[in-house]
file my_file_28.txt (compact mmCIF, C-alpha atoms and all ligand atoms)
# COMPACT_ATOMS: atom_id res chain seq x y z
CA PRO A 1 -23.44 1.27 1.06
CA HIS A 2 -20.51 2.88 -0.78
CA ASN A 3 -21.94 2.72 -4.26
CA LYS A 4 -23.62 6.10 -4.17
CA MET A 5 -21.90 9.23 -5.47
CA THR A 6 -20.46 9.60 -2.04
CA PRO A 7 -16.85 9.75 -0.98
CA MET A 8 -16.18 6.85 1.31
CA HIS A 9 -14.97 8.87 4.23
CA SER A 10 -18.27 10.70 4.60
CA PRO A 11 -20.31 9.93 7.69
CA SER A 12 -22.40 6.85 7.18
CA SER A 13 -25.63 8.71 7.86
CA SER A 14 -25.36 10.28 4.43
CA TYR A 15 -25.60 6.89 2.77
CA THR A 16 -28.95 6.02 4.21
CA SER A 17 -31.22 8.08 2.02
CA ASN A 18 -32.24 6.80 -1.37
CA THR A 19 -33.52 8.38 -4.53
CA LEU A 20 -37.12 8.03 -3.44
CA THR A 21 -36.79 9.85 -0.17
CA ASN A 22 -33.92 12.13 -1.05
CA PRO A 23 -33.54 13.40 -4.58
CA THR A 24 -30.08 14.90 -3.91
CA ILE A 25 -28.35 11.53 -4.24
CA ILE A 26 -29.04 10.48 -7.77
CA LYS A 27 -26.73 7.94 -9.22
CA LYS A 28 -23.80 5.70 -8.54
CA PHE A 29 -20.67 5.85 -10.58
CA SER A 30 -20.19 3.34 -13.29
CA PRO A 31 -17.25 2.64 -15.61
CA ARG A 32 -19.07 4.73 -18.23
CA ASP A 33 -18.51 7.85 -16.14
CA PHE A 34 -14.75 7.59 -16.61
CA ILE A 35 -12.41 7.96 -19.54
CA PHE A 36 -9.87 5.17 -19.29
CA LEU A 37 -6.37 6.26 -20.29
CA GLU A 38 -3.18 4.25 -20.37
CA LYS A 39 -2.48 1.07 -18.45
CA LEU A 40 -0.42 1.67 -15.31
CA GLY A 41 0.10 -1.82 -14.05
CA GLN A 42 -0.94 -5.42 -14.29
CA GLY A 43 -1.50 -8.04 -11.62
CA SER A 44 -2.62 -11.63 -11.90
CA TYR A 45 -6.29 -10.75 -11.54
CA SER A 46 -6.29 -6.97 -11.89
CA THR A 47 -5.20 -4.20 -14.21
CA VAL A 48 -4.68 -0.60 -13.14
CA TYR A 49 -5.56 2.19 -15.57
CA LYS A 50 -5.07 5.91 -15.42
CA ALA A 51 -8.51 7.50 -15.74
CA LYS A 52 -10.46 10.69 -15.41
CA LEU A 53 -14.10 11.49 -14.98
CA LYS A 54 -16.02 12.48 -18.06
CA ARG A 55 -17.07 16.09 -18.17
CA THR A 56 -20.43 16.74 -16.67
CA THR A 57 -22.99 19.42 -17.31
CA LYS A 58 -23.72 22.09 -14.69
CA ALA A 59 -27.11 20.45 -14.08
CA GLN A 60 -25.48 17.07 -13.48
CA GLN A 61 -22.99 18.64 -11.12
CA GLN A 62 -25.75 20.26 -9.13
CA GLN A 63 -27.33 16.87 -8.68
CA MET A 64 -24.17 15.55 -7.17
CA LYS A 65 -24.06 16.06 -3.49
CA TYR A 66 -20.31 16.15 -3.04
CA TYR A 67 -17.62 18.18 -4.67
CA TYR A 68 -15.54 16.48 -7.25
CA SER A 69 -13.31 17.61 -10.04
CA ASP A 70 -13.44 16.30 -13.57
CA THR A 71 -9.83 17.22 -14.27
CA LYS A 72 -8.49 15.12 -11.42
CA LEU A 73 -6.71 11.95 -12.44
CA TYR A 74 -7.50 8.61 -10.86
CA ALA A 75 -5.98 5.17 -10.95
CA ILE A 76 -8.73 2.61 -11.44
CA LYS A 77 -7.95 -0.93 -10.47
CA VAL A 78 -10.12 -3.25 -12.51
CA CYS A 79 -10.49 -6.76 -11.14
CA SER A 80 -12.05 -9.39 -13.35
CA LYS A 81 -14.78 -11.24 -11.46
CA LYS A 82 -14.10 -14.39 -13.46
CA HIS A 83 -10.41 -14.38 -12.57
CA ILE A 84 -11.06 -13.54 -8.92
CA ILE A 85 -13.31 -16.56 -8.62
CA GLN A 86 -11.01 -18.83 -10.64
CA GLU A 87 -8.00 -17.87 -8.55
CA ARG A 88 -9.95 -17.95 -5.29
CA LYS A 89 -9.18 -14.33 -4.50
CA VAL A 90 -12.67 -13.27 -3.47
CA LYS A 91 -11.53 -12.99 0.14
CA TYR A 92 -8.60 -10.80 -0.87
CA VAL A 93 -10.52 -8.23 -2.91
CA ALA A 94 -13.14 -8.02 -0.20
CA SER A 95 -10.41 -7.47 2.36
CA GLU A 96 -8.76 -4.81 0.21
CA LYS A 97 -12.01 -2.85 0.02
CA ASP A 98 -12.88 -3.23 3.69
CA THR A 99 -9.38 -2.43 4.90
CA LEU A 100 -9.05 0.73 2.80
CA ASN A 101 -12.54 1.93 3.76
CA MET A 102 -11.85 1.28 7.41
CA LEU A 103 -8.53 3.16 7.28
CA ILE A 104 -10.00 6.11 5.41
CA SER A 105 -12.88 6.34 7.87
CA ILE A 106 -10.26 6.83 10.59
CA GLN A 107 -7.92 9.24 8.91
CA LYS A 108 -6.58 10.05 5.48
CA HIS A 109 -2.91 9.22 5.97
CA PRO A 110 -0.32 10.76 3.62
CA GLY A 111 1.40 7.39 3.27
CA ILE A 112 -1.61 5.34 2.17
CA VAL A 113 -3.12 5.52 -1.33
CA ASN A 114 -6.64 6.91 -1.00
CA LEU A 115 -9.66 4.95 -2.21
CA HIS A 116 -12.45 7.18 -3.55
CA TYR A 117 -15.15 4.87 -4.82
CA THR A 118 -15.83 1.25 -5.60
CA PHE A 119 -18.42 -0.12 -7.99
CA HIS A 120 -18.94 -3.12 -10.19
CA ASP A 121 -20.59 -4.30 -13.37
CA GLU A 122 -21.25 -7.72 -14.87
CA GLU A 123 -17.59 -8.44 -15.53
CA ASN A 124 -15.45 -6.45 -13.12
CA LEU A 125 -14.94 -4.86 -9.75
CA TYR A 126 -13.51 -1.34 -9.79
CA PHE A 127 -11.41 0.49 -7.21
CA VAL A 128 -11.11 4.21 -7.93
CA LEU A 129 -7.86 5.28 -6.27
CA ASP A 130 -5.80 8.44 -6.26
CA TYR A 131 -3.48 8.61 -9.21
CA ILE A 132 0.10 8.69 -7.92
CA PRO A 133 2.29 10.18 -10.63
CA GLY A 134 5.79 9.04 -9.66
CA GLY A 135 5.41 5.34 -10.38
CA GLU A 136 6.69 2.50 -8.25
CA LEU A 137 9.52 2.77 -5.74
CA PHE A 138 10.79 -0.36 -7.48
CA SER A 139 11.52 1.65 -10.65
CA LEU A 140 13.26 4.40 -8.69
CA ILE A 141 15.60 1.90 -7.02
CA TYR A 142 16.22 0.38 -10.42
CA LYS A 143 17.00 3.79 -11.90
CA TYR A 144 19.30 4.96 -9.09
CA GLY A 145 20.89 1.60 -8.30
CA THR A 146 21.19 2.53 -4.64
CA PHE A 147 20.11 5.47 -2.49
CA ASN A 148 22.46 7.59 -0.42
CA GLU A 149 22.08 7.72 3.34
CA SER A 150 19.82 10.76 3.48
CA MET A 151 17.46 9.51 0.78
CA SER A 152 17.35 6.09 2.47
CA LYS A 153 16.53 7.76 5.77
CA HIS A 154 13.87 10.01 4.25
CA PHE A 155 12.09 7.08 2.62
CA THR A 156 12.49 4.77 5.61
CA CYS A 157 10.96 7.40 7.94
CA GLN A 158 7.92 7.66 5.71
CA LEU A 159 7.50 3.90 5.61
CA VAL A 160 7.90 3.65 9.39
CA ASP A 161 5.30 6.37 9.91
CA ALA A 162 2.84 4.73 7.48
CA LEU A 163 3.38 1.29 9.05
CA ASP A 164 2.87 2.82 12.48
CA PHE A 165 -0.51 4.11 11.28
CA LEU A 166 -1.45 0.71 9.82
CA HIS A 167 -0.34 -1.27 12.84
CA SER A 168 -1.97 1.06 15.36
CA ASN A 169 -5.19 0.46 13.46
CA LYS A 170 -4.66 -3.29 13.63
CA VAL A 171 -3.87 -3.73 9.94
CA ILE A 172 -1.03 -5.90 8.69
CA HIS A 173 -0.18 -5.21 5.04
CA ARG A 174 1.51 -8.61 4.52
CA ASP A 175 2.86 -7.82 1.06
CA LEU A 176 5.07 -4.81 1.52
CA LYS A 177 7.61 -4.51 -1.30
CA PRO A 178 8.93 -1.76 -3.60
CA GLU A 179 6.33 -2.69 -6.25
CA ASN A 180 3.55 -1.82 -3.81
CA ILE A 181 5.00 1.52 -2.81
CA LEU A 182 4.26 4.48 -5.08
CA ILE A 183 5.99 7.83 -5.35
CA GLY A 184 3.93 10.99 -5.13
CA LYS A 185 4.56 14.22 -7.00
CA THR A 186 6.95 15.53 -4.38
CA GLY A 187 8.78 12.32 -3.65
CA LYS A 188 6.48 11.14 -0.91
CA LEU A 189 5.90 7.42 -0.60
CA LEU A 190 2.43 5.90 -0.57
CA ILE A 191 1.66 2.30 0.26
CA THR A 192 -0.84 0.62 -2.02
CA ASP A 193 -2.27 -2.82 -2.81
CA PHE A 194 -4.03 -3.95 0.32
CA GLY A 195 -5.16 -7.15 -1.39
CA ALA A 196 -3.11 -9.23 1.02
CA ALA A 197 -3.83 -7.09 4.07
CA ALA A 198 -5.40 -8.58 7.15
CA ASN A 199 -7.18 -7.13 10.05
CA ILE A 200 -5.72 -8.64 13.19
CA ASN A 201 -9.27 -9.36 14.36
CA ASP A 202 -9.75 -11.79 11.49
CA ARG A 203 -9.23 -15.34 12.62
CA GLU A 204 -7.86 -16.44 9.31
CA TYR A 205 -5.06 -13.95 9.11
CA ALA A 206 -2.36 -16.46 9.82
CA THR A 207 -3.38 -19.34 7.67
CA SER A 208 -2.33 -18.82 4.11
CA PHE A 209 0.79 -17.90 2.22
CA VAL A 210 0.53 -14.40 0.95
CA GLY A 211 3.28 -12.07 -0.04
CA THR A 212 6.22 -12.12 -2.33
CA SER A 213 8.94 -14.66 -1.80
CA GLU A 214 11.84 -12.24 -1.38
CA TYR A 215 10.15 -10.18 1.33
CA VAL A 216 8.37 -12.99 3.13
CA SER A 217 9.13 -13.38 6.83
CA PRO A 218 10.79 -16.47 8.31
CA GLU A 219 7.91 -17.03 10.77
CA LEU A 220 5.51 -17.38 7.86
CA LEU A 221 7.78 -19.93 6.21
CA LEU A 222 8.55 -21.82 9.42
CA TYR A 223 5.32 -21.63 11.41
CA ASN A 224 2.76 -20.22 9.00
CA LYS A 225 2.49 -17.29 11.38
CA CYS A 226 2.09 -13.74 10.17
CA SER A 227 1.57 -10.65 12.26
CA TYR A 228 2.91 -7.11 12.59
CA PRO A 229 6.57 -8.22 12.69
CA ALA A 230 6.15 -9.60 9.14
CA ASP A 231 5.71 -6.05 7.83
CA ILE A 232 8.76 -4.98 9.83
CA TRP A 233 10.78 -7.79 8.29
CA ALA A 234 9.77 -6.54 4.83
CA LEU A 235 10.76 -3.01 5.88
CA GLY A 236 14.20 -4.35 6.82
CA CYS A 237 14.51 -6.01 3.41
CA ILE A 238 13.52 -2.74 1.72
CA LEU A 239 16.03 -0.71 3.75
CA TYR A 240 18.73 -3.20 2.77
CA GLN A 241 17.63 -2.81 -0.84
CA PHE A 242 17.90 1.00 -0.61
CA GLN A 243 21.54 0.49 0.27
CA GLN A 244 22.41 -2.46 -1.94
CA GLY A 245 20.05 -2.16 -4.91
CA VAL A 246 18.74 -5.69 -4.52
CA PRO A 247 16.82 -7.39 -1.69
CA PRO A 248 18.90 -9.30 0.90
CA PHE A 249 17.51 -12.74 0.12
CA ARG A 250 17.42 -13.77 -3.50
CA GLY A 251 18.00 -17.36 -4.54
CA VAL A 252 17.96 -18.93 -7.99
CA ASN A 253 14.37 -19.93 -7.38
CA GLU A 254 11.67 -19.47 -4.76
CA LEU A 255 12.75 -22.46 -2.69
CA ALA A 256 16.36 -21.29 -2.63
CA THR A 257 15.18 -17.84 -1.54
CA PHE A 258 13.17 -19.38 1.31
CA GLU A 259 16.23 -21.28 2.44
CA LEU A 260 18.32 -18.11 2.55
CA ILE A 261 15.59 -16.41 4.59
CA VAL A 262 15.19 -19.07 7.25
CA LYS A 263 18.98 -19.37 7.58
CA LEU A 264 19.32 -15.57 7.67
CA LYS A 265 21.96 -15.77 4.95
CA TYR A 266 22.63 -12.34 3.57
CA ALA A 267 25.76 -10.32 2.89
CA TYR A 268 26.69 -6.78 1.95
CA VAL A 269 28.32 -6.26 -1.43
CA LYS A 270 28.54 -2.47 -1.37
CA PRO A 271 29.69 -0.39 1.62
CA VAL A 272 26.93 0.57 4.07
CA PRO A 273 27.18 2.99 7.04
CA VAL A 274 27.65 1.03 10.28
CA ILE A 275 24.61 2.68 11.82
CA ILE A 276 22.34 1.42 9.03
CA LYS A 277 23.86 -2.07 9.25
CA ASP A 278 23.11 -2.00 12.95
CA LEU A 279 19.44 -1.15 12.33
CA ILE A 280 19.08 -3.79 9.61
CA SER A 281 20.66 -6.44 11.86
CA LYS A 282 18.08 -5.67 14.55
CA ILE A 283 15.19 -5.90 12.09
CA LEU A 284 16.29 -8.97 10.13
CA VAL A 285 16.00 -11.23 13.19
CA ILE A 286 14.53 -14.70 12.73
CA ASP A 287 12.68 -14.69 16.04
CA SER A 288 9.79 -12.29 15.41
CA GLN A 289 9.51 -11.64 19.15
CA LYS A 290 13.04 -10.30 19.23
CA ARG A 291 12.71 -8.21 16.09
CA LEU A 292 12.50 -4.45 16.67
CA THR A 293 8.99 -3.04 16.90
CA ILE A 294 7.94 0.20 15.22
CA SER A 295 8.44 2.19 18.42
CA GLN A 296 11.89 0.66 18.96
CA ILE A 297 12.82 1.47 15.35
CA LYS A 298 11.82 5.09 15.93
CA GLN A 299 14.22 5.19 18.87
CA HIS A 300 17.16 3.77 16.93
CA LYS A 301 20.14 6.11 16.84
CA TRP A 302 20.00 6.47 13.06
CA PHE A 303 16.78 8.43 13.63
CA GLU A 304 18.22 10.58 16.42
CA ASP A 305 17.62 13.74 14.35
CA VAL A 306 14.05 12.80 13.41
CA ASN A 307 11.13 14.36 15.23
CA TRP A 308 8.48 11.70 14.71
CA ASN A 309 5.73 14.03 15.87
CA ASP A 310 6.54 16.59 13.22
CA LYS A 311 4.60 14.97 10.39
CA ARG A 312 5.24 17.93 8.11
CA LYS A 313 8.97 17.28 8.22
CA ILE A 314 8.74 13.52 7.83
CA TRP A 315 6.48 13.95 4.86
CA LYS A 316 8.19 16.96 3.30
CA GLY A 317 8.89 16.14 -0.31
CA ILE A 318 12.44 15.64 -1.44
CA TRP A 319 12.04 17.14 -4.85
CA GLU A 320 9.48 19.74 -3.94
N1 LIG B 1 -0.05 1.85 -10.26
C1 LIG B 1 -0.76 1.12 -9.41
N2 LIG B 1 -1.53 1.89 -8.64
C2 LIG B 1 -1.29 3.16 -9.02
C3 LIG B 1 -1.76 4.45 -8.59
N3 LIG B 1 -2.66 4.55 -7.60
N4 LIG B 1 -1.27 5.54 -9.19
C4 LIG B 1 -0.36 5.41 -10.15
N5 LIG B 1 0.13 4.26 -10.61
C5 LIG B 1 -0.34 3.14 -10.04
call {"tool": "encode", "arguments": {"input": "my_file_28.txt", "output": "structure tokens"}}
result
Amino acid sequence: PHNKMTPMHSPSSSYTSNTLTNPTIIKKFSPRDFIFLEKLGQGSYSTVYKAKLKRTTKAQQQQMKYYYSDTKLYAIKVCSKKHIIQERKVKYVASEKDTLNMLISIQKHPGIVNLHYTFHDEENLYFVLDYIPGGELFSLIYKYGTFNESMSKHFTCQLVDALDFLHSNKVIHRDLKPENILIGKTGKLLITDFGAAANINDREYATSFVGTSEYVSPELLLYNKCSYPADIWALGCILYQFQQGVPPFRGVNELATFELIVKLKYAYVKPVPVIIKDLISKILVIDSQKRLTISQIKQHKWFEDVNWNDKRKIWKGIWE
């Protein structure tokens, strides 16, 4: 139902009419409507391109029911159908689309990359996402080495708030890492890549290994179990990385990394404020039941000065 020229967060009633009964909805988007610019990223079965809509005539614009801008930049994730099938990722792309549509239908959250349209052709599936100009958080950590306390806190608050939104809507991201977190124009963080995400209502959510080895939770490795605390574990790893420049568990290979994780073997190389160490030690807990929850994290004393209800402050840009 989302293939019309209709933003996905519009009420579903507007999808129901077709060209025969309602001439105002004319066409769906296709790749030909966009100018593809440079490549932004590459995954195993997808490539992300910067893109913009081709200019349209006044007449064409009048045919389009919803406002859009042809100067706005988008990031289009192109997934090759052949590769998706070969790599058995059909379930994941479907889940990415459904999860993002579901979230957007609830609320456009400042910490989640917005999905505008999806369409497909013979070869590919296309996700038209907001273009986020600041690149990956990964690159920023790489550039800075480490973040100071206030920058770490600013970013952690945003991630906590975004995770709170996901988890209260029963979504587990399952692959949270600095490569999947983008930086907006004003330094705001946005979570992207919901290809591994699961809706807690899905029965299969716990059955397969997804995620990246360095951020994977011990319960997934030990019991093949993956729920909300897995995202919190990843958050703990990312907070450690803000302070140390590298994730806490990194072995010479994947197996060695897994061993460090399940034995909770990590150490600090650079000095870290005691209060942050305290928070990390309560997040990086093997027993997922004893790990802090989002609401407990919000109450940690490091966040004493944070008003979690004041979204404007949490999301205020740092280089605005
Ligand atoms: N790389 C991957 N997704 C992106 C997006 N939405 N904006 C900018 N760069 C990206």
call {"tool": "residues_near_ligand", "arguments": {"input": "my_file_28.txt", "ligand": "ligand LIG 1 (chain B)", "cutoff": "8 Å", "atoms": "all atoms listed in the file", "output": "VMD selection string"}}
result
chain A and resid 40 to 41 48 to 50 74 to 77 113 129 to 136 180 182 192 to 193
call {"tool": "residues_near_point", "arguments": {"input": "my_file_28.txt", "point": "(19.1, -19.0, 5.9)", "cutoff": "12 Å", "atoms": "only C-alpha atoms", "output": "list in words"}}
result
Ser217, Pro218, Leu221, Leu222, Pro248, Phe249, Arg250, Gly251, Leu255, Ala256, Thr257, Phe258, Glu259, Leu260, Ile261, Val262, Lys263, Leu264, Lys265, Tyr266, Ala267, Leu284, Val285 and Ile286 of chain A
call {"tool": "atom_distance", "arguments": {"input": "my_file_28.txt", "atom1": "atom CA of A:Leu159", "atom2": "atom CA of A:Gln42"}}
result
23.5 Å
call {"tool": "residues_around", "arguments": {"input": "my_file_28.txt", "residues": "A:Leu53", "least_positions_apart": "5", "cutoff": "12 Å", "atoms": "all atoms listed in the file", "output": "ChimeraX atom specification"}}
result
/A:29-37,68-76,128
call {"tool": "closest_residue", "arguments": {"input": "my_file_28.txt", "among": "A:Thr156, A:Thr47, A:Asn253, A:Ser105", "to": "A:His83", "atoms": "all atoms listed in the file"}}
result
A:Thr47
call {"tool": "closest_residue", "arguments": {"input": "my_file_28.txt", "among": "A:Ser44, A:Asp161, A:Ser168, A:Gln107", "to": "A:Asp310", "atoms": "all atoms listed in the file"}}
result
A:Asp161
call {"tool": "atom_distance", "arguments": {"input": "my_file_28.txt", "atom1": "atom CA of A:Asn124", "atom2": "atom CA of A:His109"}}
result
27.7 Å
call {"tool": "residues_around", "arguments": {"input": "my_file_28.txt", "residues": "A:Lys188", "least_positions_apart": "5", "cutoff": "7 Å", "atoms": "all atoms listed in the file", "output": "MDAnalysis selection string"}}
result
chainID A and resid 183 315 317
call {"tool": "closest_residue", "arguments": {"input": "my_file_28.txt", "among": "A:Phe242, A:Asp98, A:Ala198, A:Phe165", "to": "A:Gly111", "atoms": "all atoms listed in the file"}}
result
A:Phe165
call {"tool": "atom_distance", "arguments": {"input": "my_file_28.txt", "atom1": "atom CA of A:Gln243", "atom2": "atom CA of A:Ile141"}}
result
9.5 Å
call {"tool": "residues_around", "arguments": {"input": "my_file_28.txt", "residues": "A:His154", "least_positions_apart": "4", "cutoff": "9 Å", "atoms": "all atoms listed in the file", "output": "number ranges by chain"}}
result
A: 149-150, 158-159, 314-315, 318
call {"tool": "axis_aligned_box", "arguments": {"input": "my_file_28.txt", "around": "stretch 120-139 of chain A", "padding_each_side": "8 Å", "output": "AutoDock Vina command-line options"}}
result
--center_x -4.9 --center_y 0.9 --center_z -10.6 --size_x 48.8 --size_y 34.6 --size_z 25.8
call {"tool": "decode", "arguments": {"input": "my_file_28.txt", "residues": "stretch 256-270 of chain A", "atoms": "N, CA and C atoms", "output": "PDB file, in the first residue's frame"}}
result
ATOM      1  N   ALA A 256      37.649 -15.068  19.487  1.00  0.00           N
ATOM      2  CA  ALA A 256      38.349 -14.483  20.640  1.00  0.00           C
ATOM      3  C   ALA A 256      37.524 -13.351  21.242  1.00  0.00           C
ATOM      4  N   THR A 257      36.877 -12.570  20.381  1.00  0.00           N
ATOM      5  CA  THR A 257      35.996 -11.497  20.866  1.00  0.00           C
ATOM      6  C   THR A 257      34.854 -12.087  21.686  1.00  0.00           C
ATOM      7  N   PHE A 258      34.237 -13.159  21.171  1.00  0.00           N
ATOM      8  CA  PHE A 258      33.122 -13.793  21.888  1.00  0.00           C
ATOM      9  C   PHE A 258      33.566 -14.266  23.266  1.00  0.00           C
ATOM     10  N   GLU A 259      34.789 -14.786  23.321  1.00  0.00           N
ATOM     11  CA  GLU A 259      35.282 -15.285  24.602  1.00  0.00           C
ATOM     12  C   GLU A 259      35.452 -14.151  25.614  1.00  0.00           C
ATOM     13  N   LEU A 260      35.974 -13.022  25.136  1.00  0.00           N
ATOM     14  CA  LEU A 260      36.112 -11.852  26.019  1.00  0.00           C
ATOM     15  C   LEU A 260      34.749 -11.408  26.531  1.00  0.00           C
ATOM     16  N   ILE A 261      33.749 -11.451  25.638  1.00  0.00           N
ATOM     17  CA  ILE A 261      32.402 -10.996  26.023  1.00  0.00           C
ATOM     18  C   ILE A 261      31.813 -11.889  27.108  1.00  0.00           C
ATOM     19  N   VAL A 262      31.820 -13.180  26.875  1.00  0.00           N
ATOM     20  CA  VAL A 262      31.157 -14.065  27.848  1.00  0.00           C
ATOM     21  C   VAL A 262      31.913 -14.146  29.178  1.00  0.00           C
ATOM     22  N   LYS A 263      33.207 -13.793  29.148  1.00  0.00           N
ATOM     23  CA  LYS A 263      33.978 -13.754  30.401  1.00  0.00           C
ATOM     24  C   LYS A 263      34.024 -12.342  30.985  1.00  0.00           C
ATOM     25  N   LEU A 264      33.359 -11.417  30.329  1.00  0.00           N
ATOM     26  CA  LEU A 264      33.313 -10.015  30.752  1.00  0.00           C
ATOM     27  C   LEU A 264      34.729  -9.462  30.985  1.00  0.00           C
ATOM     28  N   LYS A 265      35.609  -9.782  30.051  1.00  0.00           N
ATOM     29  CA  LYS A 265      36.996  -9.327  30.178  1.00  0.00           C
ATOM     30  C   LYS A 265      37.203  -8.032  29.421  1.00  0.00           C
ATOM     31  N   TYR A 266      37.201  -6.938  30.176  1.00  0.00           N
ATOM     32  CA  TYR A 266      37.532  -5.655  29.552  1.00  0.00           C
ATOM     33  C   TYR A 266      38.302  -4.822  30.552  1.00  0.00           C
ATOM     34  N   ALA A 267      39.077  -3.882  30.053  1.00  0.00           N
ATOM     35  CA  ALA A 267      39.890  -3.042  30.942  1.00  0.00           C
ATOM     36  C   ALA A 267      39.916  -1.629  30.389  1.00  0.00           C
ATOM     37  N   TYR A 268      40.216  -0.692  31.268  1.00  0.00           N
ATOM     38  CA  TYR A 268      40.347   0.702  30.822  1.00  0.00           C
ATOM     39  C   TYR A 268      41.810   1.030  30.594  1.00  0.00           C
ATOM     40  N   VAL A 269      42.103   1.637  29.457  1.00  0.00           N
ATOM     41  CA  VAL A 269      43.469   2.022  29.128  1.00  0.00           C
ATOM     42  C   VAL A 269      43.676   3.505  29.446  1.00  0.00           C
ATOM     43  N   LYS A 270      42.653   4.300  29.120  1.00  0.00           N
ATOM     44  CA  LYS A 270      42.721   5.735  29.391  1.00  0.00           C
ATOM     45  C   LYS A 270      41.863   6.053  30.605  1.00  0.00           C
TER      46      LYS A 270
END
